[in-house]
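Raw model.csv, CSV, C-alpha atoms:
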```csv
chain,number,residue,atom,x,y,z
A,1,MET,CA,131.3,88.8,-1.6
A,2,SER,CA,131.5,91.5,0.9
A,3,THR,CA,128.7,92.6,3.2
A,4,THR,CA,128.0,96.2,4.0
A,5,GLU,CA,127.1,97.0,7.6
A,6,ILE,CA,124.2,99.4,7.7
A,7,PRO,CA,124.3,101.6,10.8
A,8,THR,CA,121.2,101.9,13.0
A,9,GLU,CA,120.1,104.8,15.1
A,10,LYS,CA,120.8,104.5,18.8
A,11,ALA,CA,117.6,103.6,20.5
A,12,GLU,CA,116.4,106.2,23.1
A,13,SER,CA,116.6,105.0,26.6
A,14,ALA,CA,113.2,104.5,28.2
A,15,PRO,CA,112.4,107.2,30.8
A,16,PRO,CA,112.9,106.0,34.4
A,17,PRO,CA,109.8,105.1,36.2
A,18,GLU,CA,108.4,107.6,38.5
A,19,GLU,CA,109.6,107.0,42.1
A,20,GLU,CA,106.9,105.7,44.3
A,21,GLN,CA,106.0,108.1,47.0
A,22,GLU,CA,105.9,106.4,50.3
A,23,PRO,CA,103.3,107.5,52.7
A,24,SER,CA,104.5,109.3,55.8
A,25,PRO,CA,105.3,106.8,58.4
A,26,ARG,CA,103.0,106.4,61.4
A,27,PRO,CA,104.4,106.5,65.0
A,28,ARG,CA,106.2,103.2,65.5
A,29,ARG,CA,106.8,101.6,68.9
A,30,ARG,CA,109.2,98.7,69.4
A,31,GLY,CA,108.1,97.5,72.8
A,32,ARG,CA,110.8,94.9,73.1
A,33,ALA,CA,113.8,97.0,72.0
A,34,ALA,CA,116.3,98.2,74.4
A,35,ALA,CA,116.8,101.6,72.8
A,36,VAL,CA,114.5,104.6,72.3
A,37,ILE,CA,113.4,105.0,68.7
A,38,VAL,CA,112.6,108.5,67.3
A,39,ALA,CA,110.0,108.9,64.6
A,40,LEU,CA,108.6,112.1,63.1
A,41,VAL,CA,104.9,111.8,62.6
A,42,ALA,CA,103.1,113.8,59.9
A,43,ALA,CA,100.1,114.6,62.2
A,44,GLY,CA,99.7,118.3,62.3
A,45,GLY,CA,103.5,118.6,62.4
A,46,VAL,CA,103.7,117.1,65.9
A,47,GLY,CA,107.0,115.4,66.8
A,48,VAL,CA,106.6,112.1,68.6
A,49,VAL,CA,109.0,109.8,70.3
A,50,ALA,CA,108.0,106.2,70.6
A,51,ILE,CA,109.1,105.0,74.0
A,52,THR,CA,110.0,101.4,74.6
A,53,GLN,CA,108.7,99.3,77.4
A,54,PRO,CA,111.2,99.1,80.3
A,55,PHE,CA,109.4,96.3,82.1
A,56,ASP,CA,109.2,92.5,81.6
A,57,ASN,CA,105.5,91.9,81.6
A,58,ARG,CA,104.3,93.9,78.6
A,59,ALA,CA,101.7,91.7,77.0
A,60,SER,CA,98.1,92.6,77.8
A,61,ASP,CA,95.3,90.0,77.6
A,62,THR,CA,93.3,92.6,75.7
A,63,THR,CA,96.0,93.2,73.1
A,64,VAL,CA,95.0,92.4,69.5
A,65,SER,CA,97.9,92.2,67.0
A,66,ASP,CA,98.0,93.4,63.4
A,67,GLY,CA,100.6,91.2,61.8
A,68,GLU,CA,100.9,93.3,58.7
A,69,SER,CA,101.5,96.7,60.3
A,70,GLY,CA,103.6,95.4,63.2
A,71,THR,CA,101.2,97.0,65.7
A,72,GLY,CA,98.2,95.9,67.7
A,73,THR,CA,95.6,97.4,69.9
A,74,ALA,CA,94.9,97.3,73.6
A,75,LYS,CA,92.0,98.6,75.7
A,76,VAL,CA,91.9,101.6,78.0
A,77,ALA,CA,91.0,100.0,81.3
A,78,GLU,CA,89.5,101.4,84.6
A,79,GLY,CA,90.5,99.9,87.9
A,80,THR,CA,93.2,99.7,90.6
A,81,LEU,CA,97.0,100.2,90.1
A,82,SER,CA,99.8,99.7,92.5
A,83,SER,CA,103.4,100.8,92.5
A,84,ARG,CA,105.9,98.3,93.9
A,85,THR,CA,109.5,98.3,95.2
A,86,GLN,CA,111.4,95.1,94.2
A,87,GLN,CA,113.8,93.9,96.8
A,88,ASN,CA,115.9,90.9,97.7
A,89,GLY,CA,114.9,89.2,101.0
A,90,THR,CA,115.7,86.3,103.3
A,91,LEU,CA,113.0,83.9,104.4
A,92,GLY,CA,113.2,82.4,107.9
A,93,TYR,CA,111.7,82.7,111.4
A,94,ALA,CA,111.0,85.7,113.6
A,95,GLY,CA,112.9,86.5,116.7
A,96,SER,CA,116.2,85.4,118.2
A,97,TYR,CA,116.4,84.1,121.8
A,98,SER,CA,119.2,83.0,124.0
A,99,VAL,CA,118.5,80.4,126.6
A,100,VAL,CA,120.7,81.2,129.6
A,101,ASN,CA,121.2,78.4,132.1
A,102,LYS,CA,120.6,79.3,135.8
A,103,VAL,CA,121.4,76.0,137.5
A,104,ASP,CA,124.7,74.2,138.4
A,105,GLY,CA,125.3,70.6,137.5
A,106,THR,CA,125.9,68.3,134.5
A,107,VAL,CA,124.0,68.5,131.3
A,108,THR,CA,122.2,65.2,130.8
A,109,LYS,CA,119.9,65.8,127.8
A,110,LEU,CA,119.7,68.4,125.1
A,111,PRO,CA,117.2,69.2,122.3
A,112,THR,CA,118.2,68.9,118.6
A,113,VAL,CA,118.4,71.8,116.1
A,114,GLY,CA,115.1,72.4,114.5
A,115,GLN,CA,113.1,70.9,117.4
A,116,VAL,CA,110.1,72.9,118.6
A,117,ILE,CA,109.6,73.2,122.3
A,118,HIS,CA,106.3,74.3,123.7
A,119,GLN,CA,105.5,76.2,126.9
A,120,GLY,CA,105.3,73.9,129.9
A,121,LYS,CA,107.8,71.4,128.3
A,122,PRO,CA,111.5,70.8,129.1
A,123,LEU,CA,114.1,72.8,127.3
A,124,TYR,CA,117.0,70.6,128.5
A,125,TRP,CA,118.0,68.5,131.5
A,126,VAL,CA,120.6,69.1,134.2
A,127,ASP,CA,121.4,66.2,136.6
A,128,GLY,CA,118.4,64.4,135.2
A,129,LYS,CA,116.0,67.1,136.0
A,130,PRO,CA,114.1,69.1,133.3
A,131,VAL,CA,114.3,72.9,132.9
A,132,ILE,CA,110.9,74.1,131.8
A,133,LEU,CA,109.9,76.8,129.3
A,134,LEU,CA,107.4,79.3,130.5
A,135,LYS,CA,106.1,82.4,128.7
A,136,GLY,CA,107.2,85.7,130.2
A,137,LYS,CA,108.2,89.0,128.8
A,138,ALA,CA,108.9,91.3,131.7
A,139,THR,CA,111.4,89.7,134.0
A,140,PRO,CA,113.9,86.8,133.7
A,141,ALA,CA,114.1,84.2,136.4
A,142,TYR,CA,116.4,85.4,139.1
A,143,ARG,CA,115.1,84.0,142.4
A,144,GLU,CA,113.2,81.1,143.9
A,145,LEU,CA,109.4,81.8,144.0
A,146,SER,CA,107.1,80.5,146.8
A,147,ARG,CA,103.8,81.3,148.5
A,148,GLY,CA,103.4,84.8,149.8
A,149,MET,CA,105.9,86.5,147.4
A,150,GLU,CA,105.0,89.3,145.1
A,151,GLY,CA,106.6,90.8,141.9
A,152,ALA,CA,106.6,90.9,138.1
A,153,ASP,CA,108.1,87.4,138.0
A,154,VAL,CA,105.2,86.0,140.1
A,155,LYS,CA,102.7,87.7,137.7
A,156,GLN,CA,104.4,85.9,134.8
A,157,LEU,CA,104.1,82.6,136.6
A,158,ASN,CA,100.4,83.1,137.4
A,159,ALA,CA,99.7,84.0,133.7
A,160,ALA,CA,101.6,81.0,132.5
A,161,LEU,CA,99.8,78.6,134.8
A,162,VAL,CA,96.4,79.9,133.7
A,163,GLU,CA,97.4,79.7,130.0
A,164,LEU,CA,98.6,76.1,130.5
A,165,GLU,CA,95.2,75.4,132.1
A,166,TYR,CA,96.6,74.3,135.5
A,167,ALA,CA,94.1,76.8,136.9
A,168,THR,CA,91.2,78.9,135.7
A,169,ASP,CA,91.3,82.7,135.7
A,170,GLU,CA,88.7,82.5,138.5
A,171,GLN,CA,91.1,80.5,140.6
A,172,ILE,CA,94.2,82.6,139.7
A,173,ASP,CA,94.0,86.1,138.3
A,174,PRO,CA,96.6,86.1,135.5
A,175,ASP,CA,97.2,89.8,136.2
A,176,SER,CA,98.0,89.2,139.8
A,177,ASP,CA,101.6,89.5,141.1
A,178,TYR,CA,100.8,87.6,144.3
A,179,PHE,CA,101.9,84.0,144.9
A,180,SER,CA,98.7,82.6,146.4
A,181,ARG,CA,97.6,79.2,147.7
A,182,ASN,CA,96.1,78.5,144.3
A,183,THR,CA,99.4,79.4,142.6
A,184,ARG,CA,101.1,76.8,144.8
A,185,TRP,CA,98.5,74.2,144.0
A,186,ALA,CA,98.7,74.8,140.2
A,187,LEU,CA,102.5,74.7,140.2
A,188,LYS,CA,102.5,71.3,141.9
A,189,LYS,CA,100.3,70.0,139.1
A,190,LEU,CA,102.9,71.3,136.5
A,191,GLN,CA,105.8,69.8,138.5
A,192,ASP,CA,104.0,66.4,138.6
A,193,ASP,CA,103.4,66.5,134.8
A,194,VAL,CA,107.1,67.1,133.9
A,195,GLY,CA,108.5,64.7,136.5
A,196,LEU,CA,109.8,67.1,139.1
A,197,GLU,CA,109.3,66.9,142.8
A,198,GLU,CA,106.0,68.4,143.8
A,199,THR,CA,107.3,71.1,146.2
A,200,GLY,CA,104.9,73.9,145.2
A,201,LYS,CA,108.0,76.2,145.0
A,202,LEU,CA,109.7,77.3,141.8
A,203,SER,CA,113.4,77.1,142.5
A,204,LEU,CA,115.9,79.2,140.6
A,205,GLY,CA,116.8,77.4,137.3
A,206,GLN,CA,113.8,75.1,137.4
A,207,ALA,CA,112.0,77.2,134.7
A,208,LEU,CA,113.1,79.9,132.3
A,209,PHE,CA,110.9,82.7,131.0
A,210,LEU,CA,111.0,83.6,127.3
A,211,PRO,CA,108.6,85.9,125.4
A,212,VAL,CA,107.2,83.1,123.2
A,213,GLU,CA,104.8,80.2,123.7
A,214,GLU,CA,107.1,77.9,121.8
A,215,ILE,CA,110.7,78.1,120.6
A,216,ARG,CA,112.4,76.6,117.6
A,217,VAL,CA,115.9,75.5,118.4
A,218,THR,CA,118.5,77.0,116.1
A,219,THR,CA,121.8,76.4,117.9
A,220,VAL,CA,122.8,74.1,120.7
A,221,ASP,CA,125.7,75.6,122.8
A,222,GLY,CA,125.7,73.0,125.6
A,223,VAL,CA,127.4,69.6,125.5
A,224,ARG,CA,125.8,66.5,126.8
A,225,GLY,CA,127.9,65.4,129.7
A,226,GLY,CA,129.5,68.8,130.1
A,227,SER,CA,129.0,71.3,132.9
A,228,ALA,CA,125.9,73.4,133.0
A,229,VAL,CA,127.5,76.8,134.0
A,230,PRO,CA,125.1,79.3,135.5
A,231,GLY,CA,124.9,82.5,133.5
A,232,LYS,CA,126.1,80.9,130.2
A,233,PRO,CA,123.9,80.3,127.1
A,234,ILE,CA,123.0,76.7,126.6
A,235,LEU,CA,121.0,77.0,123.4
A,236,GLN,CA,119.7,79.6,120.9
A,237,GLY,CA,116.2,79.7,119.4
A,238,SER,CA,113.7,81.6,117.4
A,239,SER,CA,109.9,81.7,117.3
A,240,THR,CA,107.9,79.5,115.0
A,241,SER,CA,106.4,82.5,113.1
A,242,ARG,CA,107.5,82.8,109.5
A,243,GLN,CA,109.2,86.0,108.5
A,244,VAL,CA,111.0,87.7,105.6
A,245,THR,CA,113.7,90.2,106.3
A,246,VAL,CA,114.7,92.8,103.6
A,247,GLU,CA,117.8,94.9,104.0
A,248,LEU,CA,116.4,98.1,102.4
A,249,ASN,CA,118.6,100.9,101.3
A,250,ALA,CA,118.3,103.6,104.0
A,251,SER,CA,117.5,106.2,101.4
A,252,GLN,CA,114.3,104.3,100.6
A,253,GLN,CA,113.0,104.2,104.2
A,254,SER,CA,110.2,106.7,103.4
A,255,ASP,CA,109.0,104.5,100.5
A,256,VAL,CA,107.9,101.7,102.8
A,257,LYS,CA,105.6,101.7,105.8
A,258,THR,CA,104.1,99.2,108.3
A,259,GLY,CA,101.0,97.7,106.7
A,260,ASP,CA,102.2,97.8,103.1
A,261,LYS,CA,101.2,94.7,101.2
A,262,VAL,CA,103.8,92.7,99.5
A,263,THR,CA,104.2,89.7,97.1
A,264,ILE,CA,106.9,87.2,98.1
A,265,THR,CA,108.4,85.1,95.3
A,266,LEU,CA,109.7,81.9,96.8
A,267,PRO,CA,112.8,79.8,95.6
A,268,ASP,CA,110.5,77.6,93.6
A,269,ASP,CA,109.1,80.7,91.8
A,270,SER,CA,105.7,80.4,93.4
A,271,THR,CA,104.3,83.5,95.0
A,272,THR,CA,102.5,84.2,98.3
A,273,PRO,CA,101.2,87.5,99.9
A,274,GLY,CA,102.5,89.2,103.0
A,275,VAL,CA,102.5,92.5,104.9
A,276,VAL,CA,105.2,94.8,106.2
A,277,SER,CA,105.2,94.3,110.0
A,278,SER,CA,108.0,96.7,110.9
A,279,VAL,CA,110.4,99.2,109.3
A,280,GLY,CA,113.8,99.7,111.0
A,281,LYS,CA,114.9,103.1,112.3
A,282,VAL,CA,118.5,102.2,113.0
A,283,ALA,CA,120.7,102.1,109.9
A,284,LYS,CA,123.5,99.5,109.4
A,285,GLN,CA,126.6,100.3,107.5
A,286,GLY,CA,127.6,97.7,104.9
A,287,GLU,CA,130.4,97.5,102.4
A,288,ASN,CA,128.7,99.5,99.7
A,289,LYS,CA,125.5,100.9,101.2
A,290,THR,CA,123.7,101.8,104.4
A,291,THR,CA,120.6,99.7,105.1
A,292,ILE,CA,117.7,99.3,107.5
A,293,ASP,CA,115.8,96.1,108.2
A,294,VAL,CA,112.3,95.7,107.0
A,295,LYS,CA,110.3,92.8,108.5
A,296,ILE,CA,107.6,91.1,106.5
A,297,LYS,CA,104.9,88.7,107.9
A,298,PRO,CA,103.6,86.2,105.3
A,299,THR,CA,99.8,86.2,105.2
A,300,LYS,CA,99.8,82.4,104.5
A,301,PRO,CA,102.8,81.1,106.5
A,302,LYS,CA,102.2,77.5,105.5
A,303,ALA,CA,102.7,78.4,101.9
A,304,THR,CA,106.3,79.4,102.7
A,305,GLY,CA,107.3,75.9,103.7
A,306,ARG,CA,110.0,75.2,106.2
A,307,LEU,CA,113.1,76.6,104.5
A,308,ASP,CA,115.3,78.8,106.8
A,309,LYS,CA,117.6,81.6,105.5
A,310,ALA,CA,116.3,81.1,102.0
A,311,PRO,CA,116.7,83.9,99.4
A,312,VAL,CA,113.4,85.3,98.1
A,313,GLN,CA,112.2,88.3,96.0
A,314,VAL,CA,109.8,90.8,97.6
A,315,ALA,CA,107.6,93.2,95.7
A,316,ILE,CA,106.4,95.8,98.2
A,317,VAL,CA,103.3,97.8,97.4
A,318,SER,CA,104.2,101.3,98.3
A,319,ARG,CA,101.2,103.1,96.8
A,320,THR,CA,97.8,102.2,95.4
A,321,VAL,CA,95.2,104.2,93.3
A,322,LYS,CA,91.7,103.1,92.6
A,323,ASN,CA,89.1,103.7,89.9
A,324,VAL,CA,91.7,105.2,87.5
A,325,LEU,CA,92.1,104.8,83.7
A,326,SER,CA,95.2,103.0,82.6
A,327,VAL,CA,97.0,101.9,79.4
A,328,PRO,CA,99.9,99.6,78.7
A,329,VAL,CA,103.1,101.5,79.2
A,330,ASP,CA,104.3,100.7,75.7
A,331,GLY,CA,101.3,102.4,74.3
A,332,LEU,CA,102.7,105.8,75.5
A,333,LEU,CA,104.2,108.2,72.9
A,334,ALA,CA,106.5,110.9,74.2
A,335,LEU,CA,105.9,114.2,72.5
A,336,ALA,CA,108.9,116.0,71.2
A,337,GLY,CA,107.8,119.2,72.9
A,338,GLY,CA,107.3,117.4,76.2
A,339,GLY,CA,104.5,115.3,77.6
A,340,TYR,CA,102.8,112.1,76.4
A,341,ALA,CA,100.1,111.0,74.1
A,342,VAL,CA,98.3,107.8,73.1
A,343,GLU,CA,97.1,106.9,69.6
A,344,VAL,CA,93.3,106.2,69.9
A,345,VAL,CA,91.7,104.0,67.3
A,346,LYS,CA,88.2,105.4,66.6
A,347,ALA,CA,85.1,103.3,65.7
A,348,ASP,CA,85.5,104.1,62.0
A,349,GLY,CA,89.1,102.8,62.1
A,350,THR,CA,90.8,106.2,61.9
A,351,ARG,CA,93.4,107.1,64.5
A,352,GLU,CA,93.9,110.2,66.7
A,353,LEU,CA,96.7,111.3,69.0
A,354,VAL,CA,95.3,112.2,72.4
A,355,THR,CA,97.5,114.1,74.8
A,356,VAL,CA,97.6,112.4,78.3
A,357,GLU,CA,98.9,113.1,81.8
A,358,THR,CA,100.6,110.1,83.4
A,359,GLY,CA,100.2,109.1,87.0
A,360,LEU,CA,101.2,105.9,88.8
A,361,PHE,CA,103.2,103.3,87.0
A,362,ASP,CA,102.3,99.7,87.9
A,363,ASP,CA,105.4,97.8,86.7
A,364,SER,CA,104.0,94.4,87.8
A,365,ALA,CA,101.0,94.8,85.5
A,366,GLY,CA,102.9,96.8,82.8
A,367,ARG,CA,100.4,99.6,82.9
A,368,VAL,CA,100.3,103.3,83.7
A,369,GLU,CA,97.6,105.7,85.0
A,370,VAL,CA,96.5,108.2,82.4
A,371,THR,CA,94.1,111.1,82.1
A,372,GLY,CA,93.2,112.9,78.9
A,373,SER,CA,90.4,114.8,77.2
A,374,GLY,CA,87.9,112.4,75.7
A,375,LEU,CA,89.8,109.3,77.0
A,376,LYS,CA,87.5,106.7,78.5
A,377,ALA,CA,87.5,103.0,79.4
A,378,GLY,CA,86.9,100.6,76.6
A,379,GLN,CA,88.6,102.7,73.9
A,380,SER,CA,91.3,101.0,71.8
A,381,ILE,CA,94.8,102.4,71.5
A,382,VAL,CA,97.8,101.4,69.3
A,383,VAL,CA,100.5,99.3,70.9
A,384,PRO,CA,103.5,97.3,69.5
A,385,GLY,CA,102.5,94.0,67.8
A,386,GLN,CA,103.2,90.8,69.7
```
Translate this file's structure into C-alpha cells.
Amino acid sequence: MSTTEIPTEKAESAPPPEEEQEPSPRPRRRGRAAAVIVALVAAGGVGVVAITQPFDNRASDTTVSDGESGTGTAKVAEGTLSSRTQQNGTLGYAGSYSVVNKVDGTVTKLPTVGQVIHQGKPLYWVDGKPVILLKGKATPAYRELSRGMEGADVKQLNAALVELEYATDEQIDPDSDYFSRNTRWALKKLQDDVGLEETGKLSLGQALFLPVEEIRVTTVDGVRGGSAVPGKPILQGSSTSRQVTVELNASQQSDVKTGDKVTITLPDDSTTPGVVSSVGKVAKQGENKTTIDVKIKPTKPKATGRLDKAPVQVAIVSRTVKNVLSVPVDGLLALAGGGYAVEVVKADGTRELVTVETGLFDDSAGRVEVTGSGLKAGQSIVVPGQ
C-alpha cells in the first residue's frame, strides 16, 4: 500500500522582535584606568570627556558607591588645599666639620665613630693630655691666650666659659674681647675639671673652637699611637641636629622657598613633618641633571630615629589655599569644547552638568579647587564607583 505525501504550505517566519532602544549613555568615568575614555553625552548636545584620576589616593571618605551603575557620589567640600612637590631625599645630620690638630706629639686616645662630644669635653688626647671642644664661630685657635690679651678669639673664650657656667655674665661679659682676671680664674676651673694643669693660660692646641655645642663623630682620621701632626685633620664630625637633604632639579628652584612645610616619609613608611630651612643658590652638575641642595629641618627630630644617610621621600608644600571649594579629581569632566564640569546630583535625584573653573590640585588628598555658578559645599557630585 502506497502512501501519498500531502504537501503543506511553508509557514511564514515570525517577524523579528523590535530592537530595544538603549538609552543614551551618561558620562562615564573610570577612575582607575590608565587611559582617557571619551563619551558623548546627550545633555544638550554637549560633548564630554571623562578624565581619569592620575593620582594614587582617589578614594574619599564621603564617597558613596552605586554598585549597579558603576558610579558613586562624593561631597563638594570647603576647606584648605595644598600643592606638593614629591622628591627623593637623604636623612642624616646637619653640618660637616673638620677637626684640625694644632699640637705636636703622639695620639694617645681617640673617640669612636658615632660618639657625641659636648662643649667643654675632650675631643682626643695627645701625649696623654686632652684637647677640649669649645664653641666659637668667628676665629679658629691660632695663638696662646693669656691675661691682658684682646681679640675675637678671646671673645669666643669668654662666651664659652660663661655658657659652661664657669663664670656668670656679671663676672665675665660674654661679649667682651678682653682676657680679664675673671677669665683667668674661670679657665683654671675648666682646666681642673678636664685634668689639665691649672695655668690660667690657654696654650695653642689645648682647645679647638667649632661652631657647635656638641659634635657627632663621623670619621676618625688619626691613629692611636701615631703622630699628631699640626695642621692635619684628626677627625670629622657633624652636629647632632637632624636634617634631610634634597637634590632638587635647578629648574624647580622657584617652586620651593624657606619656610615651606613638608611631609617626610621615613624608611619604615611612617611620616613626620618638617620645614625647609634653606634653598641652595649654587647649582651642581650631575650626570643627567643640574641640581641645588634643599635643606629640611624635621619638626619632630626624635621621630626620625638615628639612621644616617637613609633614603626618604619628601612632599614639599609649595602653595596653600584656604576656604575654597574642592571636589575629588576623578569627579571632573573635561568638556569637548574646552574647560571642565562636574555632574551635580540634585535633591530630587536628577543630575545636572555644572561648568567649573579649576584651581589648585592637591595630589596628596586627591582633590582639586573648583568654582562654578550655583556650586556650594555639601552638594553631591558623581564620581567613579569604588
Could you tell me, as number ranges by chain, which residues have any atom at most 12 Å from (104.8, 66.5, 135.2), counting all atoms listed in the file? A: 120-122, 129-132, 166, 186-198
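When CA of Asn158 in chain A is paired with CA of Leu145 in chain A, their separation reads 11.2 Å.
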Counting all atoms listed in the file, give me one row per residue of range 117-182 of chain A with an atom at most 10 Å from an atom of range 216-234 of chain A, showing the shortest contact pair and its distance in Å to one decimal, sorted by chain then residue number, as a tab-separated table.
```
residue	atom	partner	partner_atom	distance
A:Ile117	CA	A:Arg216	CA	6.4
A:His118	CA	A:Arg216	CA	8.9
A:Leu123	CA	A:Val217	CA	9.5
A:Tyr124	CA	A:Ile234	CA	8.8
A:Trp125	CA	A:Arg224	CA	9.3
A:Val126	CA	A:Ala228	CA	6.9
A:Asp127	CA	A:Ala228	CA	9.2
```
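Compared by their closest atoms to Gln243 in chain A, and using all atoms listed in the file, the residues A:Gly151, A:Gly79, A:Pro267, A:Gly305 rank with A:Gly305 nearest.
When CA of Pro328 in chain A is paired with CA of Val262 in chain A, their separation reads 22.3 Å.
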Kindly indicate which residue among A:Gly148, A:Gly105, A:Gly378, A:Pro298 lies nearest to Gly205 in chain A, using only C-alpha atoms for the distances. A:Gly105
Residue list as JSON, numbers by chain for point (105.4, 87.9, 137.2), cut-off 10 Å, all atoms listed in the file: {"A": [136, 137, 138, 139, 140, 141, 145, 150, 151, 152, 153, 154, 155, 156, 157, 158, 159, 160, 174, 175, 176, 177, 178, 179, 209]}
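Between CA of Val275 in chain A and CA of Ala365 in chain A the separation is 19.6 Å.
Closest to Gly259 in chain A among A:Ser326, A:Ser96, A:Thr291, A:Thr299 is A:Thr299, based on all atoms listed in the file.
Closest approach to Asn101 in chain A among A:Thr320, A:Gln252, A:Gln313, A:Gln206 is made by A:Gln206 (distances from all atoms listed in the file).
Proximity ranking of A:Val329, A:Ala207, A:Met149, A:Leu235 relative to Thr183 in chain A places A:Met149 first, based on all atoms listed in the file.
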